[in-house]
file start.txt (compact mmCIF, C-alpha atoms)
# COMPACT_ATOMS: atom_id res chain seq x y z
CA MET G 1 0.00 0.00 0.00
CA ASP G 2 2.90 2.39 0.75
CA PHE G 3 4.13 2.01 -2.84
CA VAL G 4 0.66 2.41 -4.39
CA ILE G 5 0.07 5.62 -2.41
CA GLY G 6 3.37 7.07 -3.62
CA GLY G 7 2.56 6.13 -7.22
CA LEU G 8 -0.92 7.66 -7.16
CA ALA G 9 0.48 10.87 -5.68
CA GLY G 10 3.05 11.19 -8.48
CA ALA G 11 0.66 10.32 -11.32
CA GLY G 12 -2.00 12.72 -10.05
CA ALA G 13 0.42 15.64 -9.77
CA THR G 14 1.75 15.00 -13.30
CA ILE G 15 -1.57 15.93 -14.94
CA PHE G 16 -1.19 19.51 -13.70
CA THR G 17 2.56 19.93 -14.25
CA ASN G 18 3.10 18.27 -17.65
CA PRO G 19 2.72 21.54 -19.68
CA MET G 20 5.68 23.04 -17.83
CA ASP G 21 7.63 19.85 -18.50
CA VAL G 22 6.99 20.22 -22.24
CA VAL G 23 8.25 23.83 -22.21
CA LYS G 24 11.25 22.86 -20.08
CA THR G 25 12.22 20.08 -22.48
CA ARG G 26 12.06 22.43 -25.50
CA LEU G 27 14.16 25.09 -23.75
CA GLN G 28 16.78 22.55 -22.72
CA LEU G 29 17.11 21.17 -26.27
CA GLN G 30 17.17 24.61 -27.87
CA GLY G 31 20.58 25.66 -29.18
CA GLU G 32 22.10 22.26 -28.49
CA LEU G 33 25.92 22.50 -28.47
CA ARG G 34 25.83 26.00 -29.97
CA ALA G 35 26.75 29.36 -28.51
CA ARG G 36 23.84 31.69 -27.74
CA THR G 37 24.68 33.84 -30.78
CA GLU G 38 24.84 30.91 -33.19
CA HIS G 39 21.28 29.59 -33.14
CA THR G 40 17.75 30.78 -33.78
CA THR G 41 15.79 31.26 -30.58
CA ARG G 42 12.47 29.47 -30.98
CA TYR G 43 11.42 29.94 -27.36
CA ARG G 44 12.32 33.12 -25.47
CA GLY G 45 11.22 31.93 -22.06
CA ILE G 46 8.44 30.20 -20.19
CA PHE G 47 5.41 32.20 -21.27
CA HIS G 48 6.66 32.71 -24.82
CA GLY G 49 7.21 28.96 -25.01
CA VAL G 50 3.64 28.27 -23.89
CA TYR G 51 2.32 30.80 -26.43
CA VAL G 52 4.39 29.49 -29.36
CA ILE G 53 3.56 25.85 -28.71
CA ALA G 54 -0.17 26.53 -28.30
CA LYS G 55 -0.29 28.79 -31.38
CA THR G 56 1.69 26.47 -33.68
CA ASP G 57 0.71 22.96 -32.57
CA GLY G 58 -2.48 23.71 -30.63
CA ALA G 59 -3.21 23.93 -26.92
CA LEU G 60 -3.27 20.14 -26.55
CA ALA G 61 0.40 20.06 -27.56
CA LEU G 62 1.16 21.34 -24.06
CA GLN G 63 0.09 17.91 -22.83
CA LYS G 64 2.36 15.97 -25.19
CA GLY G 65 3.76 12.84 -23.60
CA LEU G 66 1.14 12.88 -20.83
CA VAL G 67 0.61 9.11 -20.80
CA PRO G 68 4.31 8.17 -20.41
CA ALA G 69 4.65 11.12 -18.01
CA MET G 70 1.92 9.65 -15.80
CA VAL G 71 3.47 6.19 -16.06
CA LEU G 72 6.77 7.83 -15.13
CA GLY G 73 5.14 9.64 -12.21
CA PHE G 74 3.55 6.46 -10.91
CA CYS G 75 6.62 4.23 -11.31
CA MET G 76 9.07 6.78 -9.97
CA ASN G 77 7.05 7.91 -6.98
CA SER G 78 5.72 4.47 -6.06
CA VAL G 79 9.30 3.31 -5.62
CA ARG G 80 10.76 6.55 -4.26
CA LEU G 81 8.05 7.64 -1.84
CA GLY G 82 7.05 4.08 -0.97
CA MET G 83 10.60 3.04 -0.12
CA TYR G 84 11.21 6.24 1.85
CA HIS G 85 7.94 5.88 3.78
CA VAL G 86 8.83 2.32 4.77
CA ALA G 87 12.23 3.55 6.00
CA ASP G 88 10.58 6.39 7.94
CA VAL G 89 7.95 4.13 9.54
CA GLN G 90 10.63 1.62 10.54
CA GLY G 91 12.57 4.44 12.21
CA TRP G 92 15.56 4.13 9.89
CA THR G 93 15.53 7.90 9.21
CA ARG G 94 15.62 8.89 12.89
CA THR G 95 18.05 9.06 15.75
CA THR G 96 17.80 6.88 18.86
CA ASP G 97 15.85 9.76 20.47
CA GLY G 98 13.24 9.68 17.71
CA ASP G 99 14.30 12.94 16.04
CA ILE G 100 14.92 13.35 12.29
CA SER G 101 18.50 12.38 11.37
CA ILE G 102 19.72 14.49 8.43
CA HIS G 103 22.36 11.91 7.43
CA LYS G 104 19.99 8.95 7.59
CA THR G 105 17.26 10.87 5.78
CA MET G 106 19.65 11.85 2.99
CA PHE G 107 20.85 8.26 2.64
CA TRP G 108 17.38 6.72 2.37
CA SER G 109 16.01 9.49 0.14
CA SER G 110 19.01 9.17 -2.19
CA ALA G 111 18.77 5.38 -2.27
CA SER G 112 15.06 5.54 -3.04
CA GLY G 113 15.79 8.10 -5.78
CA VAL G 114 18.32 5.82 -7.49
CA MET G 115 15.93 2.86 -7.42
CA SER G 116 13.09 4.97 -8.80
CA GLY G 117 15.35 6.18 -11.62
CA LEU G 118 16.05 2.62 -12.70
CA ALA G 119 12.36 1.72 -12.60
CA ALA G 120 11.13 4.81 -14.49
CA ASN G 121 13.88 5.45 -17.06
CA PRO G 122 12.12 3.76 -20.05
CA ALA G 123 9.08 6.00 -19.55
CA SER G 124 11.38 9.04 -19.26
CA VAL G 125 12.96 8.34 -22.66
CA VAL G 126 9.59 7.99 -24.42
CA LYS G 127 8.15 11.03 -22.63
CA THR G 128 11.06 13.30 -23.53
CA ARG G 129 11.03 12.36 -27.22
CA MET G 130 7.26 12.81 -27.47
CA GLN G 131 7.49 16.21 -25.75
CA ALA G 132 10.26 17.35 -28.09
CA ALA G 133 8.31 16.46 -31.27
CA ALA G 134 6.96 19.64 -32.87
CA HIS G 135 6.09 21.42 -36.10
CA PRO G 136 9.29 22.04 -38.14
CA SER G 137 8.99 25.80 -37.61
CA ILE G 138 9.46 25.44 -33.83
CA ALA G 139 11.31 22.11 -33.64
CA VAL G 140 14.45 21.82 -31.48
CA GLY G 141 16.74 18.85 -31.01
CA ARG G 142 16.36 15.54 -32.79
CA GLN G 143 12.78 14.75 -33.78
CA TYR G 144 10.99 11.42 -33.41
CA VAL G 145 7.50 10.51 -34.60
CA TYR G 146 5.68 8.28 -32.13
CA ASN G 147 1.93 7.61 -32.30
CA GLY G 148 1.59 7.17 -28.58
CA MET G 149 3.55 5.49 -25.83
CA ILE G 150 3.23 1.90 -27.11
CA ASP G 151 4.31 2.90 -30.62
CA GLY G 152 7.25 4.78 -29.12
CA CYS G 153 8.33 1.73 -27.12
CA VAL G 154 8.12 -0.52 -30.19
CA LYS G 155 10.15 1.88 -32.37
CA ILE G 156 12.82 2.42 -29.72
CA TYR G 157 13.19 -1.33 -29.26
CA LYS G 158 13.46 -1.94 -33.04
CA MET G 159 16.00 0.85 -33.60
CA GLU G 160 18.03 0.76 -30.40
CA GLY G 161 17.19 -2.43 -28.55
CA ILE G 162 16.80 -2.63 -24.76
CA LYS G 163 19.74 -0.25 -24.41
CA GLY G 164 17.63 2.54 -25.89
CA PHE G 165 15.27 2.47 -22.92
CA PHE G 166 18.16 3.14 -20.56
CA ALA G 167 19.66 6.12 -22.36
CA GLY G 168 20.75 8.67 -19.77
CA VAL G 169 20.10 6.31 -16.87
CA ASN G 170 23.32 7.37 -15.11
CA ALA G 171 22.30 11.03 -15.29
CA THR G 172 18.79 10.16 -14.16
CA CYS G 173 19.90 8.15 -11.15
CA THR G 174 22.37 10.87 -10.12
CA ARG G 175 19.72 13.57 -10.61
CA LEU G 176 17.16 11.63 -8.60
CA ALA G 177 19.63 10.80 -5.85
CA VAL G 178 20.44 14.51 -5.47
CA GLY G 179 16.84 15.63 -6.04
CA SER G 180 15.30 13.10 -3.66
CA ALA G 181 17.84 13.93 -0.97
CA ALA G 182 17.04 17.65 -1.35
CA GLN G 183 13.27 17.08 -1.60
CA LEU G 184 12.57 14.55 1.11
CA THR G 185 15.22 15.83 3.52
CA THR G 186 13.97 19.43 3.34
CA PHE G 187 10.34 18.26 3.44
CA SER G 188 10.83 16.16 6.57
CA THR G 189 13.05 18.75 8.24
CA ALA G 190 10.69 21.62 7.39
CA LYS G 191 7.73 19.72 8.86
CA GLU G 192 9.62 19.05 12.08
CA THR G 193 10.73 22.70 12.32
CA LEU G 194 7.23 24.08 11.67
CA LEU G 195 5.75 21.74 14.28
CA TYR G 196 8.46 22.71 16.77
CA TYR G 197 7.38 26.35 16.51
CA GLY G 198 3.68 25.42 16.63
CA ILE G 199 3.03 26.43 13.01
CA CYS G 200 0.26 24.50 11.20
CA GLU G 201 0.15 22.17 14.21
CA LYS G 202 -3.58 21.51 13.80
CA THR G 203 -3.75 21.69 10.00
CA PRO G 204 -1.96 18.72 8.36
CA LEU G 205 -2.78 20.01 4.87
CA GLY G 206 -1.27 23.43 5.58
CA LEU G 207 1.78 21.81 7.17
CA ALA G 208 2.40 19.59 4.12
CA PHE G 209 1.86 22.53 1.74
CA ALA G 210 4.29 24.86 3.54
CA ALA G 211 6.98 22.19 3.86
CA SER G 212 6.69 21.12 0.22
CA CYS G 213 6.98 24.70 -1.13
CA LEU G 214 10.42 25.03 0.45
CA SER G 215 11.35 21.57 -0.79
CA GLY G 216 10.53 22.43 -4.43
CA LEU G 217 12.89 25.43 -4.43
CA MET G 218 15.81 23.39 -3.14
CA VAL G 219 15.23 20.62 -5.68
CA ALA G 220 15.15 22.98 -8.69
CA LEU G 221 18.47 24.60 -7.73
CA ALA G 222 20.14 21.27 -7.03
CA ILE G 223 19.17 19.25 -10.10
CA CYS G 224 18.93 21.66 -13.06
CA PRO G 225 22.34 20.84 -14.64
CA LEU G 226 21.72 17.11 -14.32
CA ASP G 227 18.20 17.56 -15.65
CA VAL G 228 19.56 19.25 -18.79
CA VAL G 229 22.04 16.40 -19.24
CA ALA G 230 19.34 13.76 -18.79
CA VAL G 231 17.08 15.40 -21.40
CA ARG G 232 19.94 15.65 -23.92
CA LEU G 233 20.89 11.99 -23.41
CA TYR G 234 17.28 10.82 -23.67
CA ASN G 235 16.81 12.68 -26.94
CA GLN G 236 20.06 11.94 -28.76
CA GLY G 237 18.94 8.45 -29.85
CA PRO G 238 21.16 6.14 -31.92
CA ALA G 239 24.41 7.37 -33.49
CA LYS G 240 23.99 9.38 -36.68
CA GLN G 241 26.78 9.30 -39.27
CA GLY G 242 28.61 6.92 -36.93
CA LYS G 243 28.84 9.44 -34.10
CA LEU G 244 26.98 10.16 -30.89
CA LEU G 245 26.61 13.72 -29.63
CA TYR G 246 27.47 12.67 -26.09
CA ASN G 247 29.39 9.73 -24.65
CA GLY G 248 27.94 9.75 -21.16
CA VAL G 249 27.15 12.15 -18.34
CA LEU G 250 30.57 13.77 -17.87
CA ASP G 251 31.11 14.19 -21.61
CA CYS G 252 27.69 15.82 -21.89
CA LEU G 253 28.38 18.19 -18.99
CA ARG G 254 31.75 19.15 -20.49
CA LYS G 255 30.41 19.77 -24.00
CA ILE G 256 27.46 21.83 -22.80
CA TYR G 257 29.70 23.98 -20.61
CA MET G 258 32.33 24.44 -23.34
CA THR G 259 29.85 25.40 -26.09
CA GLU G 260 26.91 26.94 -24.23
CA GLY G 261 28.53 28.11 -21.02
CA LEU G 262 27.08 27.98 -17.51
CA HIS G 263 23.83 29.29 -19.00
CA GLY G 264 23.51 26.05 -20.94
CA LEU G 265 23.56 23.98 -17.75
CA TYR G 266 20.71 26.04 -16.32
CA LYS G 267 18.53 26.16 -19.41
CA GLY G 268 14.88 25.77 -18.54
CA ILE G 269 15.33 26.41 -14.82
CA GLY G 270 12.23 28.63 -14.85
CA PRO G 271 9.79 26.00 -16.12
CA LEU G 272 11.75 23.36 -14.19
CA TYR G 273 10.91 25.20 -10.97
CA LEU G 274 7.32 25.87 -12.07
CA ARG G 275 6.99 22.15 -12.78
CA ILE G 276 8.85 20.86 -9.74
CA ALA G 277 7.39 23.29 -7.17
CA PRO G 278 3.71 22.44 -7.81
CA HIS G 279 4.57 18.81 -8.59
CA THR G 280 6.51 18.55 -5.35
CA THR G 281 3.73 20.32 -3.49
CA LEU G 282 0.91 18.28 -5.05
CA SER G 283 2.66 14.90 -4.85
CA LEU G 284 3.93 15.37 -1.29
CA VAL G 285 0.62 16.81 -0.07
CA ILE G 286 -1.33 13.95 -1.72
CA TRP G 287 1.21 11.45 -0.37
CA ASP G 288 1.05 12.91 3.14
CA MET G 289 -2.77 13.06 3.16
CA LEU G 290 -3.15 9.48 1.85
CA ASN G 291 -0.70 8.20 4.45
CA ILE G 292 -2.66 9.98 7.20
CA ILE G 293 -5.93 8.47 5.94
CA VAL G 294 -4.46 4.96 5.72
CA THR G 295 -2.82 5.28 9.15
CA ASN G 296 -6.08 6.48 10.73
CA LYS G 297 -8.00 3.56 9.18
CA ARG G 298 -5.45 1.09 10.47
CA LYS G 299 -5.72 2.53 13.97
CA SER G 300 -9.52 2.37 13.90
call {"tool": "encode", "arguments": {"input": "start.txt", "output": "structure tokens"}}
result
Amino acid sequence: MDFVIGGLAGAGATIFTNPMDVVKTRLQLQGELRARTEHTTRYRGIFHGVYVIAKTDGALALQKGLVPAMVLGFCMNSVRLGMYHVADVQGWTRTTDGDISIHKTMFWSSASGVMSGLAANPASVVKTRMQAAAHPSIAVGRQYVYNGMIDGCVKIYKMEGIKGFFAGVNATCTRLAVGSAAQLTTFSTAKETLLYYGICEKTPLGLAFAASCLSGLMVALAICPLDVVAVRLYNQGPAKQGKLLYNGVLDCLRKIYMTEGLHGLYKGIGPLYLRIAPHTTLSLVIWDMLNIIVTNKRKS
């Protein structure tokens, strides 16, 4: 049940945050391995990106890749939040006095993040490629034509084999280890701190909301460079003309920094935050509320 609750929380939050994920993906692929002065700017920011996508491909294009995104949200959060909740209930995240242990919390949140990355990576690859697909006038990065998630899976398997589903898995696991540590550690710590000062003591929903808002900010700052790398690796596909754009995480980081500068590693941080903050808030609030409901039922 712990894993199902985590999965439902992630899938439910994805419905509301997927449009920002589409914009983020386009911004991160824009100007790939080119200096800022050497490429045409299709998207000039968050709101311009939303406008251009809706105008050119229609408003529904802002929900591209929703099905694999929801599968991703369920798989990732069922493992990540479920595993972390089990560790928390068992007392593995606390000191002998029962207080939150920062080191133990970071360990279990990072471990759960790595495991969730392995479980959800195939859905991440399909989602990213579907989100990147656009009309030629606003297309960025390599383009793939998939008629839905199943068609995407079939085509990736035929062209790239099983390996194709695990493109960028190293970047993903690293990103999720860092992101989960930042998210769940700050969420748990913020809740304890707010309760200590008597804030939101009688309103569980308000407590979860306040704690998750702070958590979303920390996650966005921590994972943006690795998020850019993951998106690039997901989207590069098989070698063209006998050559891959990137040969792994470090090579990708180096090439982005050398050609696009520090700006390149923080491309899309605006929509990343606008996706992560509400997604973090929604998923953690839903997760916290469902756990409270289940716990109360068990007690009764």
call {"tool": "closest_residue", "arguments": {"input": "start.txt", "among": "G:Ala132, G:Leu62, G:Cys153, G:Ala119", "to": "Cys173 in chain G", "atoms": "all atoms listed in the file"}}
result
G:Ala119
call {"tool": "residues_around", "arguments": {"input": "start.txt", "residues": "Thr95 in chain G", "least_positions_apart": "5", "cutoff": "9 Å", "atoms": "all atoms listed in the file", "output": "PyMOL selection string"}}
result
chain G and resi 100-101+104
call {"tool": "write_last_selection", "arguments": {"input": "start.txt", "atoms": "C-alpha atoms", "output": "PDB file, in the coordinates of the input"}}
result
ATOM      1  CA  ILE G 100      14.920  13.350  12.290  1.00  0.00           C
ATOM      2  CA  SER G 101      18.500  12.380  11.370  1.00  0.00           C
ATOM      3  CA  LYS G 104      19.990   8.950   7.590  1.00  0.00           C
TER       4      LYS G 104
END
call {"tool": "atom_distance", "arguments": {"input": "start.txt", "atom1": "CA of Lys163 in chain G", "atom2": "CA of Val178 in chain G"}}
result
24.0 Å
call {"tool": "closest_residue", "arguments": {"input": "start.txt", "among": "G:Ser188, G:Gln143, G:Asn77, G:Thr203", "to": "Ser215 in chain G", "atoms": "all atoms listed in the file"}}
result
G:Ser188
call {"tool": "residues_around", "arguments": {"input": "start.txt", "residues": "Arg34 in chain G", "least_positions_apart": "6", "cutoff": "12 Å", "atoms": "all atoms listed in the file", "output": "number ranges by chain"}}
result
G: 40-41, 141, 255-261, 263-264
call {"tool": "atom_distance", "arguments": {"input": "start.txt", "atom1": "CA of Leu244 in chain G", "atom2": "CA of Ala134 in chain G"}}
result
22.2 Å
call {"tool": "atom_distance", "arguments": {"input": "start.txt", "atom1": "CA of Leu118 in chain G", "atom2": "CA of Val169 in chain G"}}
result
6.9 Å
call {"tool": "residues_around", "arguments": {"input": "start.txt", "residues": "Val71 in chain G", "least_positions_apart": "3", "cutoff": "7 Å", "atoms": "all atoms listed in the file", "output": "PyMOL selection string"}}
result
chain G and resi 11+67-68+74-75+123
call {"tool": "closest_residue", "arguments": {"input": "start.txt", "among": "G:Ile276, G:Gly198, G:Thr189, G:Met159", "to": "Asn18 in chain G", "atoms": "all atoms listed in the file"}}
result
G:Ile276
call {"tool": "axis_aligned_box", "arguments": {"input": "start.txt", "around": "range 172-182 of chain G", "padding_each_side": "5 Å", "output": "lines of an AutoDock Vina configuration file"}}
result
center_x = 18.8
center_y = 12.9
center_z = -7.6
size_x = 17.1
size_y = 19.5
size_z = 23.2
call {"tool": "residues_near_point", "arguments": {"input": "start.txt", "point": "(15.9, 5.4, -7.6)", "cutoff": "7 Å", "atoms": "only C-alpha atoms", "output": "list in words"}}
result
Arg80, Ala111, Ser112, Gly113, Val114, Met115, Ser116, Gly117, Leu118, Cys173, Leu176 and Ala177 of chain G
call {"tool": "residues_around", "arguments": {"input": "start.txt", "residues": "Ile46 in chain G", "least_positions_apart": "3", "cutoff": "10 Å", "atoms": "all atoms listed in the file", "output": "PyMOL selection string"}}
result
chain G and resi 20+23-24+27+43+49-51+268-272+274
call {"tool": "closest_residue", "arguments": {"input": "start.txt", "among": "G:Ala171, G:Ala182, G:Ile199, G:Ala190", "to": "Asp251 in chain G", "atoms": "all atoms listed in the file"}}
result
G:Ala171
call {"tool": "closest_residue", "arguments": {"input": "start.txt", "among": "G:Leu250, G:Ile223, G:Met106, G:Val4", "to": "Ala87 in chain G", "atoms": "all atoms listed in the file"}}
result
G:Met106
call {"tool": "closest_residue", "arguments": {"input": "start.txt", "among": "G:Glu192, G:Asp227, G:Glu32, G:Glu201", "to": "Asp99 in chain G", "atoms": "all atoms listed in the file"}}
result
G:Glu192
call {"tool": "build_atoms", "arguments": {"input": "start.txt", "residues": "range 174-203 of chain G", "atoms": "N, CA and C atoms", "output": "PDB file, in the coordinates of the input"}}
result
ATOM      1  N   THR G 174      21.638   9.832 -10.869  1.00  0.00           N
ATOM      2  CA  THR G 174      22.370  10.870 -10.120  1.00  0.00           C
ATOM      3  C   THR G 174      21.442  12.030  -9.797  1.00  0.00           C
ATOM      4  N   ARG G 175      20.659  12.452 -10.811  1.00  0.00           N
ATOM      5  CA  ARG G 175      19.720  13.570 -10.610  1.00  0.00           C
ATOM      6  C   ARG G 175      18.697  13.234  -9.533  1.00  0.00           C
ATOM      7  N   LEU G 176      18.180  12.020  -9.570  1.00  0.00           N
ATOM      8  CA  LEU G 176      17.160  11.630  -8.600  1.00  0.00           C
ATOM      9  C   LEU G 176      17.740  11.414  -7.205  1.00  0.00           C
ATOM     10  N   ALA G 177      18.981  10.949  -7.153  1.00  0.00           N
ATOM     11  CA  ALA G 177      19.630  10.800  -5.850  1.00  0.00           C
ATOM     12  C   ALA G 177      19.782  12.174  -5.186  1.00  0.00           C
ATOM     13  N   VAL G 178      20.267  13.144  -5.980  1.00  0.00           N
ATOM     14  CA  VAL G 178      20.440  14.510  -5.470  1.00  0.00           C
ATOM     15  C   VAL G 178      19.072  15.142  -5.196  1.00  0.00           C
ATOM     16  N   GLY G 179      18.156  15.011  -6.177  1.00  0.00           N
ATOM     17  CA  GLY G 179      16.840  15.630  -6.040  1.00  0.00           C
ATOM     18  C   GLY G 179      16.031  15.056  -4.895  1.00  0.00           C
ATOM     19  N   SER G 180      16.056  13.729  -4.747  1.00  0.00           N
ATOM     20  CA  SER G 180      15.300  13.100  -3.660  1.00  0.00           C
ATOM     21  C   SER G 180      15.871  13.478  -2.307  1.00  0.00           C
ATOM     22  N   ALA G 181      17.204  13.526  -2.232  1.00  0.00           N
ATOM     23  CA  ALA G 181      17.840  13.930  -0.970  1.00  0.00           C
ATOM     24  C   ALA G 181      17.412  15.346  -0.600  1.00  0.00           C
ATOM     25  N   ALA G 182      17.436  16.256  -1.600  1.00  0.00           N
ATOM     26  CA  ALA G 182      17.040  17.650  -1.350  1.00  0.00           C
ATOM     27  C   ALA G 182      15.552  17.733  -1.015  1.00  0.00           C
ATOM     28  N   GLN G 183      14.722  16.988  -1.775  1.00  0.00           N
ATOM     29  CA  GLN G 183      13.270  17.080  -1.600  1.00  0.00           C
ATOM     30  C   GLN G 183      12.805  16.492  -0.281  1.00  0.00           C
ATOM     31  N   LEU G 184      13.103  15.223  -0.063  1.00  0.00           N
ATOM     32  CA  LEU G 184      12.570  14.550   1.110  1.00  0.00           C
ATOM     33  C   LEU G 184      13.240  14.991   2.414  1.00  0.00           C
ATOM     34  N   THR G 185      14.535  15.350   2.325  1.00  0.00           N
ATOM     35  CA  THR G 185      15.220  15.830   3.520  1.00  0.00           C
ATOM     36  C   THR G 185      14.649  17.177   3.954  1.00  0.00           C
ATOM     37  N   THR G 186      14.515  18.110   2.990  1.00  0.00           N
ATOM     38  CA  THR G 186      13.970  19.430   3.340  1.00  0.00           C
ATOM     39  C   THR G 186      12.502  19.332   3.738  1.00  0.00           C
ATOM     40  N   PHE G 187      11.756  18.422   3.097  1.00  0.00           N
ATOM     41  CA  PHE G 187      10.340  18.260   3.440  1.00  0.00           C
ATOM     42  C   PHE G 187      10.188  17.764   4.874  1.00  0.00           C
ATOM     43  N   SER G 188      10.913  16.711   5.218  1.00  0.00           N
ATOM     44  CA  SER G 188      10.830  16.160   6.570  1.00  0.00           C
ATOM     45  C   SER G 188      11.341  17.152   7.618  1.00  0.00           C
ATOM     46  N   THR G 189      12.466  17.799   7.305  1.00  0.00           N
ATOM     47  CA  THR G 189      13.050  18.750   8.240  1.00  0.00           C
ATOM     48  C   THR G 189      12.154  19.965   8.434  1.00  0.00           C
ATOM     49  N   ALA G 190      11.581  20.462   7.319  1.00  0.00           N
ATOM     50  CA  ALA G 190      10.690  21.620   7.390  1.00  0.00           C
ATOM     51  C   ALA G 190       9.451  21.315   8.224  1.00  0.00           C
ATOM     52  N   LYS G 191       8.894  20.115   8.073  1.00  0.00           N
ATOM     53  CA  LYS G 191       7.730  19.720   8.860  1.00  0.00           C
ATOM     54  C   LYS G 191       8.061  19.709  10.350  1.00  0.00           C
ATOM     55  N   GLU G 192       9.211  19.121  10.673  1.00  0.00           N
ATOM     56  CA  GLU G 192       9.620  19.050  12.080  1.00  0.00           C
ATOM     57  C   GLU G 192       9.824  20.450  12.655  1.00  0.00           C
ATOM     58  N   THR G 193      10.452  21.336  11.863  1.00  0.00           N
ATOM     59  CA  THR G 193      10.730  22.700  12.320  1.00  0.00           C
ATOM     60  C   THR G 193       9.434  23.485  12.524  1.00  0.00           C
ATOM     61  N   LEU G 194       8.508  23.377  11.564  1.00  0.00           N
ATOM     62  CA  LEU G 194       7.230  24.080  11.670  1.00  0.00           C
ATOM     63  C   LEU G 194       6.440  23.601  12.891  1.00  0.00           C
ATOM     64  N   LEU G 195       6.451  22.294  13.116  1.00  0.00           N
ATOM     65  CA  LEU G 195       5.750  21.740  14.280  1.00  0.00           C
ATOM     66  C   LEU G 195       6.398  22.185  15.590  1.00  0.00           C
ATOM     67  N   TYR G 196       7.717  22.291  15.570  1.00  0.00           N
ATOM     68  CA  TYR G 196       8.460  22.710  16.770  1.00  0.00           C
ATOM     69  C   TYR G 196       8.034  24.109  17.218  1.00  0.00           C
ATOM     70  N   TYR G 197       7.791  24.979  16.211  1.00  0.00           N
ATOM     71  CA  TYR G 197       7.380  26.350  16.510  1.00  0.00           C
ATOM     72  C   TYR G 197       5.848  26.506  16.555  1.00  0.00           C
ATOM     73  N   GLY G 198       5.138  25.389  16.499  1.00  0.00           N
ATOM     74  CA  GLY G 198       3.680  25.420  16.630  1.00  0.00           C
ATOM     75  C   GLY G 198       2.954  25.926  15.401  1.00  0.00           C
ATOM     76  N   ILE G 199       3.637  25.947  14.247  1.00  0.00           N
ATOM     77  CA  ILE G 199       3.030  26.430  13.010  1.00  0.00           C
ATOM     78  C   ILE G 199       2.315  25.278  12.302  1.00  0.00           C
ATOM     79  N   CYS G 200       1.078  25.511  11.909  1.00  0.00           N
ATOM     80  CA  CYS G 200       0.260  24.500  11.200  1.00  0.00           C
ATOM     81  C   CYS G 200       0.112  23.208  12.025  1.00  0.00           C
ATOM     82  N   GLU G 201       0.185  23.348  13.337  1.00  0.00           N
ATOM     83  CA  GLU G 201       0.150  22.170  14.210  1.00  0.00           C
ATOM     84  C   GLU G 201      -1.167  21.407  14.094  1.00  0.00           C
ATOM     85  N   LYS G 202      -2.263  22.138  13.871  1.00  0.00           N
ATOM     86  CA  LYS G 202      -3.580  21.510  13.800  1.00  0.00           C
ATOM     87  C   LYS G 202      -4.128  21.419  12.388  1.00  0.00           C
ATOM     88  N   THR G 203      -3.310  21.760  11.409  1.00  0.00           N
ATOM     89  CA  THR G 203      -3.750  21.690  10.000  1.00  0.00           C
ATOM     90  C   THR G 203      -2.738  20.887   9.183  1.00  0.00           C
TER      91      THR G 203
END
